[in-house]
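Coordinates as given in target.txt (compact mmCIF, C-alpha atoms):
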```txt
# COMPACT_ATOMS: atom_id res chain seq x y z
CA MET G 1 15.41 10.45 24.28
CA ALA G 2 12.72 12.51 22.61
CA ASN G 3 14.77 13.91 19.73
CA SER G 4 15.53 11.74 16.73
CA VAL G 5 19.10 10.47 16.40
CA LYS G 6 21.14 10.53 13.21
CA ASN G 7 23.97 8.08 12.55
CA THR G 8 27.44 9.57 12.24
CA PHE G 9 29.71 6.59 11.61
CA LYS G 10 31.65 6.55 8.35
CA SER G 11 31.33 3.58 6.02
CA THR G 12 33.78 0.71 6.17
CA LYS G 13 35.47 -1.03 3.26
CA THR G 14 33.01 -3.92 3.39
CA TRP G 15 29.97 -1.70 2.83
CA SER G 16 29.15 0.69 0.03
CA GLU G 17 29.16 4.43 0.51
CA LYS G 18 25.56 4.57 -0.75
CA LEU G 19 24.35 2.26 2.02
CA ALA G 20 26.40 4.08 4.66
CA SER G 21 24.97 7.38 3.46
CA LEU G 22 21.46 5.92 3.73
CA TYR G 23 22.02 5.10 7.40
CA ARG G 24 23.65 8.45 8.12
CA GLU G 25 21.15 10.70 6.39
CA LYS G 26 17.80 8.96 6.01
CA ILE G 27 17.31 6.25 8.61
CA GLU G 28 16.58 7.87 11.97
CA VAL G 29 15.64 6.51 15.38
CA GLU G 30 12.64 8.03 17.10
CA SER G 31 11.31 5.17 19.22
CA CYS G 32 11.81 1.50 20.05
CA PRO G 33 10.45 -0.73 17.25
CA TRP G 34 9.68 -3.46 19.80
CA CYS G 35 7.47 -1.55 22.25
CA GLY G 36 7.16 1.99 20.89
CA SER G 37 8.95 3.61 23.84
CA LYS G 38 10.93 6.82 23.26
CA TYR G 39 13.37 6.01 26.07
CA TYR G 40 16.47 4.35 24.66
CA ILE G 41 20.24 4.66 24.75
CA LYS G 42 23.16 3.97 22.42
CA TYR G 43 24.43 0.46 23.02
CA GLY G 44 27.63 -0.01 21.04
CA ARG G 45 27.97 -0.12 17.28
CA TYR G 46 27.13 -2.46 14.43
CA LYS G 47 29.32 -2.16 11.31
CA PHE G 48 28.86 1.49 10.28
CA THR G 49 25.95 2.41 12.53
CA TYR G 50 24.92 2.44 16.21
CA ARG G 51 23.06 -0.22 18.09
CA TYR G 52 20.45 0.95 20.61
CA LYS G 53 18.87 -0.49 23.73
CA CYS G 54 15.38 0.30 24.94
CA LYS G 55 15.16 1.31 28.61
CA SER G 56 11.56 0.12 28.81
CA CYS G 57 11.68 -3.40 27.30
CA SER G 58 15.49 -3.91 27.46
CA ARG G 59 15.66 -5.13 23.87
CA THR G 60 18.32 -3.96 21.41
CA PHE G 61 17.72 -2.73 17.88
CA LEU G 62 19.31 -1.02 14.88
CA PRO G 63 18.08 2.12 13.13
CA SER G 64 16.76 -0.08 10.29
CA THR G 65 14.91 -2.55 12.54
CA GLY G 66 11.31 -2.89 11.36
CA THR G 67 11.82 -0.91 8.12
CA SER G 68 11.66 -2.18 4.53
CA ILE G 69 15.40 -2.97 4.62
CA HIS G 70 15.09 -5.02 7.83
CA TYR G 71 16.24 -8.67 7.56
CA ILE G 72 17.66 -8.13 4.07
CA HIS G 73 21.19 -9.44 3.51
CA LYS G 74 21.84 -7.90 0.07
CA LYS G 75 21.06 -4.37 1.20
CA ASP G 76 23.03 -2.71 -1.60
CA THR G 77 21.14 -4.71 -4.22
CA PHE G 78 17.85 -3.93 -2.49
CA ILE G 79 18.55 -0.19 -2.73
CA GLU G 80 19.36 -0.56 -6.43
CA TYR G 81 16.16 -2.58 -6.86
CA ALA G 82 14.10 0.14 -5.14
CA GLU G 83 15.71 2.94 -7.15
CA PHE G 84 15.07 1.05 -10.38
CA ILE G 85 11.34 0.83 -9.56
CA GLN G 86 11.35 4.53 -8.69
CA ASN G 87 12.95 5.55 -12.00
CA GLU G 88 11.73 2.89 -14.44
CA GLY G 89 8.44 1.78 -12.88
CA MET G 90 7.21 -1.67 -11.92
CA HIS G 91 8.23 -4.65 -14.05
CA THR G 92 7.44 -8.36 -13.93
CA LEU G 93 9.15 -10.56 -11.37
CA LYS G 94 11.01 -12.46 -14.09
CA PHE G 95 12.40 -9.22 -15.52
CA MET G 96 13.61 -8.11 -12.07
CA CYS G 97 15.07 -11.54 -11.29
CA ASP G 98 17.10 -11.55 -14.52
CA ASN G 99 18.34 -7.98 -14.06
CA PHE G 100 19.30 -8.22 -10.38
CA ASN G 101 20.31 -11.89 -10.25
CA ILE G 102 17.88 -12.75 -7.45
CA SER G 103 15.34 -15.52 -6.97
CA PRO G 104 11.60 -15.08 -7.73
CA MET G 105 10.72 -15.28 -4.02
CA THR G 106 13.30 -12.62 -3.16
CA SER G 107 12.01 -10.35 -5.91
CA PHE G 108 8.43 -10.91 -4.74
CA ASP G 109 9.31 -10.12 -1.11
CA TRP G 110 11.37 -7.04 -1.95
CA ARG G 111 8.65 -5.61 -4.18
CA HIS G 112 6.00 -5.88 -1.49
CA LYS G 113 8.23 -4.48 1.25
CA ILE G 114 8.82 -1.47 -0.99
CA LEU G 115 5.09 -1.10 -1.64
CA MET G 116 4.35 -1.28 2.08
CA SER G 117 6.86 1.46 2.82
CA ILE G 118 4.92 4.02 0.75
CA PRO G 119 3.36 6.45 3.26
CA ILE G 120 -0.43 6.32 3.54
CA SER G 121 -2.14 9.63 2.89
CA THR G 122 -4.31 10.88 5.76
CA ARG G 123 -4.96 14.38 4.41
CA SER G 124 -8.47 15.80 4.47
CA PHE G 125 -10.16 16.66 1.19
CA LYS G 126 -11.55 20.14 0.59
CA GLY G 127 -13.69 21.95 -1.95
CA ILE G 128 -15.07 19.94 -4.87
CA VAL G 129 -14.17 16.25 -4.89
CA LEU G 130 -14.81 13.70 -7.64
CA CYS G 131 -15.56 10.11 -6.71
CA ASN G 132 -16.07 6.93 -8.70
CA GLU G 133 -15.89 3.17 -8.37
CA LEU G 134 -13.88 0.66 -10.36
CA SER G 135 -13.83 -3.10 -10.25
CA LEU G 136 -11.30 -5.83 -10.92
CA LEU G 137 -11.80 -9.56 -10.90
CA TYR G 138 -11.37 -11.04 -7.42
CA SER G 139 -8.03 -12.83 -7.55
CA LEU G 140 -6.40 -15.54 -5.46
CA LYS G 141 -3.27 -15.49 -7.63
CA GLY G 142 -0.38 -17.36 -6.04
CA ARG G 143 -2.56 -19.12 -3.45
CA LYS G 144 -2.09 -22.85 -3.95
CA GLY G 145 -5.35 -24.76 -4.15
CA SER G 146 -7.41 -21.62 -4.77
CA SER G 147 -9.08 -23.15 -7.83
CA LEU G 148 -10.93 -25.52 -5.48
CA GLU G 149 -12.95 -22.59 -4.13
CA THR G 150 -14.51 -21.72 -7.47
CA ILE G 151 -14.42 -25.10 -9.18
CA GLY G 152 -16.84 -25.33 -12.07
CA ILE G 153 -17.12 -21.54 -12.46
CA SER G 154 -15.62 -20.14 -15.63
CA ARG G 155 -13.75 -16.84 -15.82
CA LYS G 156 -16.58 -15.36 -17.91
CA GLN G 157 -19.13 -16.32 -15.25
CA LYS G 158 -17.00 -14.72 -12.54
CA ILE G 159 -16.68 -11.51 -14.56
CA LEU G 160 -20.48 -11.31 -14.86
CA ASP G 161 -21.09 -12.24 -11.21
CA GLU G 162 -20.75 -9.18 -8.93
CA LYS G 163 -19.77 -11.48 -6.07
CA TYR G 164 -16.35 -11.99 -7.68
CA GLN G 165 -15.55 -8.30 -8.23
CA SER G 166 -12.97 -6.48 -6.11
CA ARG G 167 -14.40 -2.98 -5.62
CA LEU G 168 -12.16 0.03 -5.38
CA ILE G 169 -13.03 3.68 -4.81
CA ILE G 170 -11.17 6.49 -6.56
CA VAL G 171 -11.39 10.00 -5.12
CA ASN G 172 -9.87 13.06 -6.80
CA GLU G 173 -9.50 16.56 -5.43
CA ASN G 174 -7.16 17.47 -8.28
CA GLU G 175 -5.56 15.59 -11.16
CA VAL G 176 -4.07 12.81 -9.03
CA GLY G 177 -6.16 11.38 -6.22
CA GLU G 178 -6.35 8.12 -4.27
CA ILE G 179 -7.54 4.61 -5.01
CA LYS G 180 -8.65 2.49 -2.05
CA LEU G 181 -9.81 -1.13 -1.88
CA ALA G 182 -13.34 -1.12 -0.41
CA THR G 183 -14.75 -4.65 -0.61
CA VAL G 184 -15.32 -7.74 -2.73
CA GLY G 185 -18.90 -8.00 -3.96
CA LEU G 186 -21.56 -5.33 -3.78
CA ILE G 187 -20.38 -1.96 -2.48
CA ASN G 188 -22.47 0.10 -0.04
CA ARG G 189 -22.32 3.32 1.99
CA ASN G 190 -20.58 1.62 4.92
CA HIS G 191 -17.62 0.69 2.72
CA PHE G 192 -17.27 4.29 1.57
CA ASP G 193 -17.58 5.73 5.09
CA ARG G 194 -15.00 3.30 6.49
CA ILE G 195 -12.36 4.70 4.15
CA PHE G 196 -13.24 8.32 3.46
CA LYS G 197 -15.91 9.66 5.84
CA LYS G 198 -13.56 11.34 8.34
CA ARG G 199 -11.55 12.90 5.51
CA LEU G 200 -14.49 14.52 3.74
CA ASN G 201 -15.80 16.77 6.52
CA ASN G 202 -14.62 19.92 4.73
CA VAL G 203 -15.84 18.95 1.27
CA GLU G 204 -18.28 21.38 -0.33
CA LYS G 205 -19.54 19.01 -2.98
CA LEU G 206 -19.07 15.45 -4.20
CA ILE G 207 -19.23 14.94 -7.95
CA CYS G 208 -19.90 11.70 -9.79
CA SER G 209 -21.15 10.69 -13.22
CA GLU G 210 -24.65 9.33 -13.76
CA GLN G 211 -23.15 5.89 -14.52
CA SER G 212 -21.40 5.74 -11.15
CA VAL G 213 -22.66 3.47 -8.39
CA PHE G 214 -22.59 6.52 -6.10
CA ALA G 215 -25.40 8.07 -8.16
CA ASN G 216 -27.77 5.64 -6.41
CA LYS G 217 -29.28 8.05 -3.88
CA GLU G 218 -31.24 5.35 -2.07
CA GLU G 219 -28.05 3.43 -1.22
CA PHE G 220 -25.54 6.23 -0.66
CA ASN G 221 -27.63 9.34 0.07
CA PHE G 222 -24.78 11.85 -0.05
CA LYS G 223 -26.19 15.23 0.98
CA SER G 224 -23.70 17.20 -1.06
CA LEU G 225 -23.69 14.91 -4.11
CA ASP G 226 -24.00 16.40 -7.59
CA ILE G 227 -24.52 13.99 -10.47
CA VAL G 228 -23.05 15.17 -13.75
CA SER G 229 -24.92 13.90 -16.79
CA GLY G 230 -24.32 14.41 -20.46
CA LYS G 231 -26.95 17.14 -20.52
CA LYS G 232 -25.13 19.39 -18.04
CA LYS G 233 -22.93 22.07 -19.54
CA GLN G 234 -20.16 21.97 -16.95
CA LYS G 235 -17.12 21.65 -19.14
CA GLU G 236 -14.55 21.93 -16.34
CA ILE G 237 -16.19 19.29 -14.13
CA SER G 238 -16.92 17.06 -17.10
CA GLN G 239 -13.27 17.21 -18.16
CA LYS G 240 -12.16 16.28 -14.64
CA LEU G 241 -14.48 13.26 -14.72
CA ILE G 242 -13.04 12.26 -18.08
CA ASN G 243 -9.52 12.54 -16.62
CA GLN G 244 -10.60 10.41 -13.66
CA GLU G 245 -12.06 7.75 -15.94
CA THR G 246 -8.82 7.81 -17.94
CA MET G 247 -6.88 7.22 -14.74
CA MET G 248 -9.17 4.30 -13.88
CA TYR G 249 -8.60 2.79 -17.33
CA MET G 250 -4.82 3.21 -16.98
CA PHE G 251 -4.85 1.50 -13.59
CA LYS G 252 -6.93 -1.47 -14.75
CA THR G 253 -4.80 -1.87 -17.89
CA TRP G 254 -1.61 -1.74 -15.83
CA ILE G 255 -2.90 -4.36 -13.37
CA ASN G 256 -4.30 -6.74 -15.98
CA ASN G 257 -1.69 -6.40 -18.73
CA THR G 258 1.61 -5.11 -17.35
CA MET G 259 1.39 -6.89 -13.99
CA ARG G 260 -0.56 -9.84 -15.46
CA GLY G 261 -3.05 -9.72 -12.63
CA VAL G 262 -2.59 -8.99 -8.92
CA ALA G 263 -3.97 -10.98 -6.00
CA THR G 264 -6.70 -9.08 -4.13
CA LYS G 265 -4.59 -9.54 -1.00
CA TYR G 266 -2.04 -7.07 -2.45
CA LEU G 267 -4.37 -4.87 -4.50
CA ALA G 268 -4.44 -2.01 -1.99
CA LEU G 269 -0.63 -1.82 -2.07
CA TYR G 270 -0.51 -1.63 -5.87
CA ALA G 271 -3.27 1.00 -5.96
CA ASN G 272 -1.36 3.20 -3.52
CA TYR G 273 1.87 2.74 -5.51
CA PHE G 274 0.19 3.52 -8.84
CA MET G 275 -1.23 6.86 -7.70
CA ASN G 276 2.06 7.85 -6.06
CA TYR G 277 4.04 6.90 -9.17
CA VAL G 278 1.68 8.71 -11.54
CA GLY G 279 1.78 11.74 -9.23
CA LYS G 280 5.59 11.59 -9.28
CA ILE G 281 5.84 11.45 -5.48
CA PHE G 282 6.99 7.83 -5.21
CA ASN G 283 10.38 7.55 -3.51
CA PRO G 284 11.07 4.26 -1.68
CA VAL G 285 14.47 5.40 -0.37
CA ASP G 286 13.60 8.75 1.17
CA ARG G 287 13.34 9.64 4.85
CA GLN G 288 9.55 9.28 4.91
CA SER G 289 9.81 5.65 3.82
CA PHE G 290 12.36 4.76 6.50
CA ILE G 291 10.55 6.57 9.31
CA GLN G 292 8.03 3.73 9.25
CA LYS G 293 9.39 1.11 11.61
CA TYR G 294 6.42 -1.24 11.31
CA ILE G 295 6.92 -2.44 7.73
CA TRP G 296 8.35 -5.76 8.86
CA PRO G 297 5.56 -6.59 11.36
CA PHE G 298 2.92 -5.63 8.79
CA TYR G 299 4.66 -7.74 6.16
CA THR G 300 4.71 -10.79 8.42
CA LEU G 301 1.11 -10.28 9.57
CA LEU G 302 -0.36 -9.40 6.18
CA GLU G 303 -2.26 -12.68 5.92
CA CYS G 304 -3.98 -11.91 9.24
CA PHE G 305 -5.05 -8.46 8.04
CA TYR G 306 -6.23 -9.93 4.75
CA GLU G 307 -8.30 -12.54 6.61
CA SER G 308 -9.87 -9.79 8.71
CA PHE G 309 -10.70 -7.77 5.59
CA ILE G 310 -12.32 -10.72 3.81
CA THR G 311 -14.29 -11.75 6.90
CA ASP G 312 -15.45 -8.32 8.05
CA HIS G 313 -15.83 -6.27 4.86
CA THR G 314 -16.61 -8.62 1.96
CA SER G 315 -19.12 -11.23 0.85
CA MET G 316 -16.42 -13.86 0.33
CA VAL G 317 -15.38 -16.70 2.60
CA TYR G 318 -11.75 -16.72 3.73
CA SER G 319 -10.05 -19.99 2.85
CA ILE G 320 -6.76 -21.63 1.92
CA PRO G 321 -4.44 -19.59 4.17
CA THR G 322 -0.81 -19.28 3.16
CA LYS G 323 1.67 -21.41 5.07
CA ARG G 324 4.53 -18.91 5.38
CA LYS G 325 5.26 -18.09 9.01
CA TRP G 326 7.76 -15.85 10.80
CA LYS G 327 8.88 -16.36 14.39
CA THR G 328 8.94 -12.63 15.10
CA SER G 329 5.48 -11.85 13.65
CA GLY G 330 3.84 -10.69 16.85
CA ASN G 331 6.88 -9.30 18.67
CA TYR G 332 7.01 -5.77 17.25
CA TYR G 333 5.20 -2.58 18.14
CA PHE G 334 2.51 -1.92 15.57
CA ASP G 335 1.06 1.48 14.72
CA LEU G 336 -2.72 1.07 14.61
CA ASN G 337 -2.98 3.92 12.11
CA PHE G 338 -1.10 1.84 9.55
CA LYS G 339 -4.14 0.58 7.63
CA ARG G 340 -4.13 -0.85 4.11
CA TYR G 341 -7.67 -2.26 3.94
```
Could you rewrite the structure in this file as structure tokens?
Amino acid sequence: MANSVKNTFKSTKTWSEKLASLYREKIEVESCPWCGSKYYIKYGRYKFTYRYKCKSCSRTFLPSTGTSIHYIHKKDTFIEYAEFIQNEGMHTLKFMCDNFNISPMTSFDWRHKILMSIPISTRSFKGIVLCNELSLLYSLKGRKGSSLETIGISRKQKILDEKYQSRLIIVNENEVGEIKLATVGLINRNHFDRIFKKRLNNVEKLICSEQSVFANKEEFNFKSLDIVSGKKKQKEISQKLINQETMMYMFKTWINNTMRGVATKYLALYANYFMNYVGKIFNPVDRQSFIQKYIWPFYTLLECFYESFITDHTSMVYSIPTKRKWKTSGNYYFDLNFKRY
């Protein structure tokens, strides 16, 4: 069954019209979420939608299996929660708990499922591209016992020590660009290439300010790099760099003040959300969000991906793993292109 299937059942009295409409119009089936096969058949119905059975692995699934709404009982409330974030922006967990009458853990889980459902941009950059680096304090927020790792080290010492800095790269082709988590500790050319190299093949010129870490030609050696200093009379480029620095300041202020700090484990998700929200393209309940059937497996395996990131791409030592486990963690098909780190 190569063509995607839309749901045609009408809503029942026990389910809202909004949720039924979501299944009918936005949640489509293109492949089996268990094995990735495109050979499946309709296999009865479930409430107001169809159930399907894979002809390859013989497992059954719903259109929403593996998506951000998967395994959520209060689906109507979840949709309202997602639409609130879309229209009003991100708020603290306590604020969301009080307004939607849900527990802190539920609010925490829903928020991160929504963040994970934001499509990852894979577009190639062209023309003149601005790049810069920003840092935030490495955070183990929410990880019980984390203080044992840095015992005796004050916050001021950690701020001054580059080892405890989460490094992000911001790249702009126009007003709104992308922010990606690169490493924790000193940043080098390998970190940049891992994230952006394949997407910069058509770039004519990279622009950075003289204060940027990328201005270090010995370390980064970009052939097409142009360093803009205060002496250069390039008003248009200079203004774009100022706008980029303003965006960096807004992001850091939002993370540190509005969100009251974010664990480095989730920083890539918040960076992707921030740029989508500022660019007014954030929509957690559109078709593009529900096409992604691997939100649930990524959510359950996030600690594994975080461990891999810390071990392979940072100067830190992975420790104090979280104890939350899910029985179905390794049972779903996972798209290898779905990368957050």
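With distances restricted to all atoms listed in the file, G:Glu28 is the closest residue to Thr65 in chain G from G:Glu173, G:Asp226, G:Glu218, G:Glu28.
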Exercise for the section: Find the residue from G:Ile169, G:Val129, G:Leu22, G:Leu140 that sits nearest to Asn201 in chain G; use all atoms listed in the file when measuring. Expected result: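 Looking only at the distances to Asn201 in chain G, the closest residue turns out to be G:Val129.
What separates CA of Pro321 in chain G from CA of Lys144 in chain G is a distance of 9.1 Å.
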Practice task
Work out how far CA of His112 in chain G is from CA of Phe61 in chain G, in Å to one decimal.
Solution key: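 Value for the CA of Phe61 in chain G-CA of His112 in chain G distance: 22.9 Å.
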Problem - Gap from CA of Met250 in chain G to CA of Tyr81 in chain G - Å, one decimal - result: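 Here the two named atoms are 24.0 Å from each other.
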Exercise for the section: Go through G:Asn216, G:Gln292, G:Gln239, G:Asn174 and flag the residue nearest Lys113 in chain G, using all atoms listed in the file for the distances. Expected result: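 Once distances to Lys113 in chain G are computed over all atoms listed in the file, the minimum belongs to G:Gln292.
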Handout entry: Minimum-distance residue to Met90 in chain G, chosen among G:Tyr270, G:Arg287, G:Gly66, G:Ser37 (using all atoms listed in the file)
Key =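 Among the listed residues, G:Tyr270 lies closest to Met90 in chain G.
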Exercise for the section: For Ile27 in chain G, list every protein, DNA or RNA residue within 9 Å, evaluated using only C-alpha atoms, and leave out those in the same chain fewer than 4 positions away; present the list as an NGL selection string. Expected result: :G and (6-7 or 22-23 or 63-64 or 286-287 or 289-291)
Grab the residues selected above and save them as a compact mmCIF listing (two decimals), in the coordinates of the input with C-alpha atoms.
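Final output, result03.txt:
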```txt
# COMPACT_ATOMS: atom_id res chain seq x y z
CA LYS G 6 21.14 10.53 13.21
CA ASN G 7 23.97 8.08 12.55
CA LEU G 22 21.46 5.92 3.73
CA TYR G 23 22.02 5.10 7.40
CA PRO G 63 18.08 2.12 13.13
CA SER G 64 16.76 -0.08 10.29
CA ASP G 286 13.60 8.75 1.17
CA ARG G 287 13.34 9.64 4.85
CA SER G 289 9.81 5.65 3.82
CA PHE G 290 12.36 4.76 6.50
CA ILE G 291 10.55 6.57 9.31
```
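Nearest to Glu88 in chain G of all the residues G:Ile237, G:Ile41, G:Val278, G:Val213 is G:Val278, based on only C-alpha atoms.
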Practice task
Do a neighbour search on range 252-263 of chain G at 9 Å with only C-alpha atoms, toss out local chain neighbours closer than 4 positions, and write the hits as an NGL selection string.
Solution key: :G and (90-93 or 134-143 or 247-248 or 267 or 270 or 274)
Fill in the blank from the handout: Judged by all atoms listed in the file, the minimum distance to Ile295 in chain G among G:Arg24, G:Arg45, G:His70, G:Arg51 is found for G:His70
Problem - Distance query Phe282 in chain G at most 8 Å, all atoms listed in the file, self and fewer than 6 positions along chain excluded, as a list in words - result: Gln86, Ile118, Tyr273 and Asn276 of chain G
How about saving the chosen residues, C-alpha atoms kept, as an mmCIF file, keeping the file's coordinate frame?
```cif
data_model
loop_
_atom_site.group_PDB
_atom_site.id
_atom_site.type_symbol
_atom_site.label_atom_id
_atom_site.label_comp_id
_atom_site.auth_asym_id
_atom_site.auth_seq_id
_atom_site.Cartn_x
_atom_site.Cartn_y
_atom_site.Cartn_z
ATOM 1 C CA GLN G 86 11.350 4.530 -8.690
ATOM 2 C CA ILE G 118 4.920 4.020 0.750
ATOM 3 C CA TYR G 273 1.870 2.740 -5.510
ATOM 4 C CA ASN G 276 2.060 7.850 -6.060
#
```
Exercise for the section: Could you give me, as a list of chain:residue names, the residues within 12 Å of range 219-225 of chain G, counting only C-alpha atoms and dropping anything in the same chain fewer than 6 positions from it? Expected result: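 Result of the neighbour search: G:Gly127, G:Ile128, G:Val129, G:Leu130, G:Cys131, G:Asn132, G:Leu186, G:Ile187, G:Asn188, G:Arg189, G:Asn190, G:His191, G:Phe192, G:Asp193, G:Lys197, G:Leu200, G:Asn201, G:Asn202, G:Val203, G:Glu204, G:Lys205, G:Leu206, G:Ile207, G:Cys208, G:Ser209, G:Glu210, G:Ser212, G:Val213.
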Exercise for the section: Find the spatial neighbours of range 304-306 of chain G, counting only C-alpha atoms, within a cut-off of 9 Å - ignore same-chain residues fewer than 5 positions away - and output them as a ChimeraX atom specification. Expected result: /G:264-266,298,311,318,340-341
